[in-house]
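target-v1.txt (compact mmCIF, C-alpha atoms and all ligand atoms)
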```txt
# COMPACT_ATOMS: atom_id res chain seq x y z
CA MET A 95 41.25 -45.91 24.91
CA LYS A 96 44.35 -47.27 23.24
CA PRO A 97 44.51 -50.96 22.28
CA VAL A 98 46.75 -53.08 24.51
CA LEU A 99 49.32 -55.35 22.89
CA TYR A 100 50.25 -58.45 24.85
CA ASP A 101 53.83 -58.63 23.73
CA PHE A 102 57.14 -60.40 24.23
CA PHE A 103 60.22 -58.79 22.73
CA ARG A 104 61.49 -61.95 21.03
CA SER A 105 58.14 -63.16 19.72
CA THR A 106 58.17 -63.40 15.93
CA ALA A 107 54.40 -63.03 15.71
CA ALA A 108 54.26 -60.05 18.09
CA TRP A 109 57.08 -58.40 16.13
CA ARG A 110 54.80 -58.46 13.05
CA VAL A 111 52.10 -56.64 14.97
CA ARG A 112 54.53 -54.02 16.31
CA ILE A 113 55.68 -53.27 12.75
CA ALA A 114 52.07 -52.95 11.58
CA PHE A 115 51.14 -50.55 14.39
CA ASN A 116 54.23 -48.44 13.73
CA LEU A 117 53.61 -48.27 9.97
CA LYS A 118 50.06 -47.16 10.66
CA GLY A 119 51.24 -44.61 13.21
CA VAL A 120 48.69 -45.96 15.69
CA ALA A 121 49.65 -45.80 19.38
CA TYR A 122 49.12 -48.78 21.68
CA ASP A 123 49.76 -49.68 25.28
CA ARG A 124 52.01 -52.63 25.94
CA HIS A 125 51.51 -55.48 28.37
CA GLY A 126 54.64 -57.62 28.57
CA VAL A 127 54.23 -61.41 28.76
CA TRP A 128 57.47 -63.07 29.87
CA ILE A 129 57.48 -66.22 27.74
CA ARG A 130 60.88 -67.30 29.08
CA GLY A 131 59.24 -67.55 32.49
CA GLU A 132 56.24 -69.45 30.99
CA GLU A 133 53.93 -66.55 31.83
CA HIS A 134 51.88 -67.31 28.70
CA LYS A 135 50.88 -70.61 30.35
CA SER A 136 49.65 -68.97 33.54
CA ALA A 137 45.99 -69.12 34.51
CA THR A 138 45.90 -65.32 34.51
CA TYR A 139 47.13 -65.02 30.93
CA ARG A 140 44.96 -67.87 29.70
CA ALA A 141 41.94 -66.27 31.29
CA ALA A 142 42.71 -63.18 29.21
CA ASN A 143 43.78 -65.03 26.04
CA PRO A 144 42.44 -68.60 25.90
CA GLN A 145 44.76 -69.43 22.98
CA GLY A 146 47.68 -68.93 25.39
CA LEU A 147 50.11 -67.54 22.84
CA VAL A 148 51.60 -64.11 22.17
CA PRO A 149 50.57 -61.72 20.70
CA ALA A 150 47.04 -60.82 21.62
CA LEU A 151 45.40 -57.45 21.36
CA GLY A 152 43.02 -55.99 23.89
CA VAL A 153 40.44 -53.82 22.15
CA GLY A 154 38.12 -52.50 24.82
CA GLU A 155 36.72 -55.58 26.54
CA THR A 156 37.66 -57.88 23.65
CA ILE A 157 40.85 -59.93 23.39
CA LEU A 158 41.94 -60.62 19.84
CA PRO A 159 44.53 -63.41 19.42
CA GLN A 160 46.54 -64.23 16.26
CA SER A 161 48.88 -61.75 14.61
CA ILE A 162 47.29 -61.94 11.16
CA ALA A 163 43.81 -61.32 12.58
CA ILE A 164 45.20 -58.37 14.54
CA ILE A 165 46.90 -56.89 11.46
CA ASP A 166 43.69 -57.36 9.45
CA TRP A 167 41.72 -55.59 12.18
CA LEU A 168 44.26 -52.77 12.25
CA ASP A 169 44.19 -52.37 8.47
CA GLU A 170 40.41 -52.29 8.36
CA THR A 171 40.12 -49.92 11.32
CA TYR A 172 42.91 -47.55 10.24
CA PRO A 173 42.95 -47.78 6.42
CA THR A 174 45.89 -45.41 5.85
CA PRO A 175 48.49 -46.38 4.79
CA PRO A 176 46.99 -49.61 3.46
CA LEU A 177 48.82 -52.85 4.21
CA LEU A 178 46.97 -54.70 1.44
CA PRO A 179 46.40 -53.64 -2.19
CA ALA A 180 42.95 -52.52 -3.35
CA ASP A 181 42.39 -55.21 -5.97
CA PRO A 182 40.95 -58.45 -4.47
CA LEU A 183 43.29 -60.72 -6.41
CA ASP A 184 46.33 -58.64 -5.48
CA ARG A 185 45.17 -58.67 -1.85
CA ALA A 186 44.90 -62.45 -1.96
CA LEU A 187 48.41 -62.75 -3.40
CA VAL A 188 49.88 -60.61 -0.62
CA ARG A 189 48.00 -62.70 1.93
CA SER A 190 49.29 -65.89 0.30
CA VAL A 191 52.87 -64.85 1.13
CA ALA A 192 51.99 -63.58 4.61
CA LEU A 193 50.27 -66.91 5.28
CA LEU A 194 53.17 -68.92 3.90
CA VAL A 195 55.26 -67.34 6.64
CA ALA A 196 52.61 -67.43 9.35
CA CYS A 197 51.18 -70.90 8.62
CA ASP A 198 53.88 -72.88 6.83
CA ILE A 199 57.19 -71.64 8.27
CA HIS A 200 56.69 -70.14 11.70
CA PRO A 201 54.54 -72.85 13.37
CA LEU A 202 57.09 -75.54 12.53
CA ASN A 203 59.83 -73.51 14.20
CA ASN A 204 57.93 -72.14 17.14
CA ARG A 205 59.45 -72.42 20.63
CA ARG A 206 57.02 -75.10 21.84
CA VAL A 207 57.62 -77.24 18.73
CA LEU A 208 61.40 -76.99 19.07
CA GLU A 209 61.12 -77.83 22.76
CA TYR A 210 59.01 -80.88 21.90
CA LEU A 211 61.60 -82.03 19.37
CA LYS A 212 64.35 -81.67 22.00
CA GLY A 213 62.37 -82.95 24.97
CA GLU A 214 59.75 -85.55 24.00
CA LEU A 215 61.54 -86.70 20.82
CA GLY A 216 65.09 -86.41 22.18
CA LEU A 217 66.64 -84.70 19.15
CA ASP A 218 70.00 -83.04 19.73
CA GLU A 219 70.75 -79.37 19.04
CA ALA A 220 72.21 -80.05 15.57
CA ALA A 221 69.14 -82.03 14.48
CA VAL A 222 66.79 -79.33 15.72
CA LYS A 223 68.78 -76.63 13.89
CA ALA A 224 68.62 -78.74 10.72
CA TRP A 225 64.83 -79.03 11.17
CA GLU A 226 64.55 -75.23 11.51
CA ARG A 227 66.75 -74.56 8.48
CA THR A 228 64.78 -77.03 6.35
CA TRP A 229 61.42 -75.34 6.79
CA VAL A 230 62.74 -71.79 6.63
CA ALA A 231 64.68 -72.54 3.44
CA GLU A 232 61.70 -74.27 1.84
CA GLY A 233 59.43 -71.34 2.68
CA PHE A 234 61.93 -68.73 1.50
CA ARG A 235 62.40 -70.65 -1.74
CA GLY A 236 58.67 -70.43 -2.35
CA ILE A 237 58.48 -66.68 -1.66
CA GLU A 238 61.51 -66.02 -3.86
CA ALA A 239 59.98 -68.00 -6.73
CA GLN A 240 56.64 -66.23 -6.33
CA CYS A 241 57.91 -62.66 -5.96
CA ALA A 242 61.04 -62.57 -8.16
CA GLY A 243 60.46 -60.37 -11.17
CA GLY A 244 58.51 -57.77 -9.24
CA GLN A 245 59.55 -54.12 -9.40
CA GLY A 246 60.28 -53.91 -5.69
CA PRO A 247 61.74 -52.73 -3.52
CA PHE A 248 59.10 -54.47 -1.37
CA LEU A 249 57.76 -57.95 -2.10
CA PHE A 250 54.73 -56.53 -3.90
CA GLY A 251 55.93 -53.19 -5.20
CA ALA A 252 56.63 -49.71 -3.98
CA THR A 253 54.98 -49.83 -0.55
CA PRO A 254 55.18 -52.28 2.37
CA THR A 255 52.41 -54.83 2.68
CA MET A 256 51.42 -57.51 5.15
CA ALA A 257 53.82 -59.84 3.30
CA ASP A 258 56.82 -57.62 4.09
CA ILE A 259 55.60 -57.27 7.67
CA CYS A 260 55.69 -61.05 8.06
CA LEU A 261 59.02 -61.33 6.27
CA VAL A 262 61.09 -59.14 8.61
CA PRO A 263 60.77 -61.18 11.83
CA GLN A 264 61.07 -64.43 9.90
CA VAL A 265 64.40 -63.27 8.45
CA GLY A 266 65.52 -62.53 12.01
CA ASN A 267 64.63 -66.09 13.00
CA ALA A 268 66.23 -67.50 9.88
CA ALA A 269 69.55 -65.90 10.73
CA ARG A 270 69.48 -67.58 14.15
CA ALA A 271 68.77 -70.90 12.44
CA GLY A 272 71.64 -70.39 9.99
CA VAL A 273 69.68 -69.40 6.86
CA ASP A 274 71.11 -66.33 5.11
CA VAL A 275 68.48 -64.12 3.46
CA ASN A 276 71.10 -63.00 0.93
CA ASN A 277 70.63 -66.35 -0.80
CA TYR A 278 67.17 -65.06 -1.78
CA PRO A 279 67.68 -61.79 -3.71
CA THR A 280 64.05 -60.65 -3.77
CA LEU A 281 63.62 -61.31 -0.05
CA ALA A 282 66.94 -59.58 0.69
CA ARG A 283 65.83 -56.50 -1.27
CA ALA A 284 62.49 -56.32 0.53
CA HIS A 285 64.13 -56.93 3.90
CA ALA A 286 66.64 -54.12 3.27
CA ALA A 287 63.85 -51.74 2.23
CA MET A 288 61.85 -52.62 5.32
CA THR A 289 64.69 -52.35 7.80
CA ALA A 290 65.61 -48.91 6.44
CA LEU A 291 62.27 -47.61 7.74
CA PRO A 292 62.33 -46.05 11.24
CA GLU A 293 58.91 -47.59 11.97
CA VAL A 294 60.35 -51.05 11.34
CA GLN A 295 63.54 -50.32 13.28
CA ALA A 296 61.48 -49.25 16.30
CA ALA A 297 59.72 -52.64 16.31
CA HIS A 298 62.98 -54.61 16.60
CA PRO A 299 63.17 -56.93 19.62
CA ASP A 300 66.27 -55.20 20.97
CA ARG A 301 64.31 -51.94 21.22
CA GLN A 302 61.48 -53.35 23.34
CA PRO A 303 61.44 -52.68 27.10
CA ASP A 304 61.72 -56.35 28.11
CA ALA A 305 64.86 -56.89 25.99
CA ALA A 306 66.88 -55.64 28.95
CA LYS A 307 65.56 -58.52 31.10
CA ALA A 308 67.00 -61.17 28.76
N1 LIG B 401 49.81 -68.09 14.80
C1 LIG B 401 50.09 -67.31 15.98
C2 LIG B 401 51.39 -67.76 16.56
C3 LIG B 401 51.57 -67.25 17.96
C4 LIG B 401 52.79 -67.87 18.57
O1 LIG B 401 53.14 -69.02 18.28
N2 LIG B 401 53.46 -67.11 19.45
C5 LIG B 401 54.64 -67.61 20.07
C6 LIG B 401 55.69 -66.53 20.13
S1 LIG B 401 56.19 -66.10 18.51
C7 LIG B 401 54.33 -68.11 21.45
O2 LIG B 401 53.49 -67.55 22.14
N3 LIG B 401 55.05 -69.16 21.85
C8 LIG B 401 54.93 -69.74 23.13
C9 LIG B 401 55.46 -71.14 23.13
O3 LIG B 401 55.86 -71.63 22.07
O4 LIG B 401 55.47 -71.74 24.19
C10 LIG B 401 50.13 -65.82 15.59
O5 LIG B 401 50.41 -65.52 14.43
O6 LIG B 401 49.84 -64.97 16.44
```
Could you quickly redo this structure as structure tokens?
Ligand SMILES: N[C@@H](CCC(=O)N[C@@H](CS)C(=O)NCC(=O)O)C(=O)O
Amino acid sequence: MKPVLYDFFRSTAAWRVRIAFNLKGVAYDRHGVWIRGEEHKSATYRAANPQGLVPALGVGETILPQSIAIIDWLDETYPTPPLLPADPLDRALVRSVALLVACDIHPLNNRRVLEYLKGELGLDEAAVKAWERTWVAEGFRGIEAQCAGGQGPFLFGATPTMADICLVPQVGNAARAGVDVNNYPTLARAHAAMTALPEVQAAHPDRQPDAAKA
């Protein structure tokens, strides 16, 4: 039985998982969750995924939330091609960049946080955009400083890793927030190498079935 990805075309975190599945060449079934209609807050979805966010992965009877946990599961279950290097220290370094995106950039700019800033805190659109740009730029600065000097074309060498997987959707978000990846040469190189891959192109939000609903 194929795993089932609870997915929303525009979800940054789900986009990571789609890239990982495509790079592995592992097929999955898709269950759309219409975040714009608040479907992720429904009792039905929360009964399936108590964390109430997208993505989640159904593996048999088990629901696995959190994109990084899903990608780790995928990499351990389908080891080829590897998304992490073999050496433990190298693996940890790749994870440190993936986690910078997933823990230090994305949560500050997530939909519910931006809505809270606008709604509960009453910030206007310009202030919210400035907030987004601040945290994306600070995160990208850190990745650039850490990865500059590598051979490329990917963040950690000749093959895509979990770090590149996390980078691609974050660059998409950054553009919407007004941060240009070309200001970060190492990120721009890795992003270009990633987006040249058909597996990455197929994971783009515009190519998902629910994009047409937007
Ligand atoms: N850390 C989680 C983040 C999941 C997450 O925040 N998903 C977003 C879409 S990218 C979501 O469900 N947002 C709903 C909301 O903000 O209301 C992961 O990596 O899976």
Enumerate residues in contact with ligand LIG 401 (chain B): an atom-to-atom distance of at most 7 Å, counting all atoms listed in the file. Format the result as a short mmCIF file (atom, residue, chain, number, x, y, z; two decimals) with C-alpha atoms, in the frame of the given file.
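part13.cif, freshly written:
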```
data_model
loop_
_atom_site.label_atom_id
_atom_site.label_comp_id
_atom_site.auth_asym_id
_atom_site.auth_seq_id
_atom_site.Cartn_x
_atom_site.Cartn_y
_atom_site.Cartn_z
CA SER A 105 58.14 -63.16 19.72
CA THR A 106 58.17 -63.40 15.93
CA ALA A 107 54.40 -63.03 15.71
CA ALA A 108 54.26 -60.05 18.09
CA ILE A 129 57.48 -66.22 27.74
CA HIS A 134 51.88 -67.31 28.70
CA GLY A 146 47.68 -68.93 25.39
CA LEU A 147 50.11 -67.54 22.84
CA VAL A 148 51.60 -64.11 22.17
CA PRO A 149 50.57 -61.72 20.70
CA PRO A 159 44.53 -63.41 19.42
CA GLN A 160 46.54 -64.23 16.26
CA SER A 161 48.88 -61.75 14.61
CA ILE A 162 47.29 -61.94 11.16
CA ALA A 196 52.61 -67.43 9.35
CA CYS A 197 51.18 -70.90 8.62
CA PRO A 201 54.54 -72.85 13.37
CA ASN A 204 57.93 -72.14 17.14
CA ARG A 205 59.45 -72.42 20.63
CA ARG A 206 57.02 -75.10 21.84
CA VAL A 207 57.62 -77.24 18.73
#
```
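Here CA of Ile237 (chain A) is placed at a distance of 15.8 Å from CA of Ala286 (chain A).
Proximity to Pro292 (chain A) was assessed for A:Ile113, A:Pro279, A:Thr255, A:Glu238 counting only C-alpha atoms; the smallest distance is recorded for A:Ile113.
The smallest atom-to-atom distance between Ile164 (chain A) and any of A:Phe102, A:Phe115, A:Trp128, A:Tyr210, using all atoms listed in the file, is found for A:Phe115.
One finds CA of Ile199 (chain A) at 6.0 Å from CA of Gly233 (chain A).
All residues of protein, DNA or RNA that reach within 12 Å of Asp184 (chain A), judged by only C-alpha atoms and not counting those fewer than 3 positions away in the chain, are Leu177, Leu178, Pro179, Ala180, Asp181, Leu187, Val188, Arg189, Ser190, Val191, Leu249, Phe250, Gly251, Thr255, Met256 and Ala257 of chain A.
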At a cut-off of 7 Å, using only C-alpha atoms, what residues contact Ala150 (chain A)? Leave out same-chain residues fewer than 6 positions from it and give the result as number ranges by chain. A: 99-100, 143, 157-160
Just the selected residues (C-alpha atoms), exported as a PDB file, keeping the file's coordinate frame, please.
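File produced: result.pdb:
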```pdb
ATOM      1  CA  LEU A  99      49.320 -55.350  22.890  1.00  0.00           C
ATOM      2  CA  TYR A 100      50.250 -58.450  24.850  1.00  0.00           C
ATOM      3  CA  ASN A 143      43.780 -65.030  26.040  1.00  0.00           C
ATOM      4  CA  ILE A 157      40.850 -59.930  23.390  1.00  0.00           C
ATOM      5  CA  LEU A 158      41.940 -60.620  19.840  1.00  0.00           C
ATOM      6  CA  PRO A 159      44.530 -63.410  19.420  1.00  0.00           C
ATOM      7  CA  GLN A 160      46.540 -64.230  16.260  1.00  0.00           C
TER       8      GLN A 160
END
```
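Distances here use all atoms listed in the file; by that measure, the residue among A:Pro176, A:Gly243, A:Ala268, A:Asn277 closest to Ala224 (chain A) is A:Ala268.
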One-decimal distance in Å that lies between CA of Gln302 (chain A) and CA of Gly152 (chain A): 18.7 Å
I need the residue nearest Thr289 (chain A) from this list: A:Gly213, A:Pro97, A:Pro303, A:Pro263. Use only C-alpha atoms for the distance. A:Pro263
Residues within 12 Å of Asp198 (chain A), please, as a PyMOL selection string. Count all atoms listed in the file; anything in the same chain fewer than 5 positions from it doesn't count. chain A and resi 190-193+203-204+226+228-234+236-237+264
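With all atoms listed in the file as the atoms that count, the residue of A:Lys118, A:Arg283, A:Lys223, A:Arg185 with the shortest distance to Glu209 (chain A) is A:Lys223.
Considering all atoms listed in the file, the residue among A:Leu151, A:Ala142, A:Ala220, A:Ala287 positioned nearest to Asp258 (chain A) is A:Ala287.
A distance cut-off of 6 Å around (46.6, -48.9, 26.3), counting all atoms listed in the file, selects these protein and nucleic acid residues: Lys96, Pro97, Val98, Tyr122 and Asp123 of chain A.
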Report, as AutoDock Vina command-line options, the centre and edge lengths in Å (one decimal) of the axis-aligned box enclosing every listed atom of region 201-205 of chain A, padded by 5 Å on each side.
```
--center_x 57.2 --center_y -73.8 --center_z 16.6 --size_x 15.3 --size_y 13.4 --size_z 18.1
```
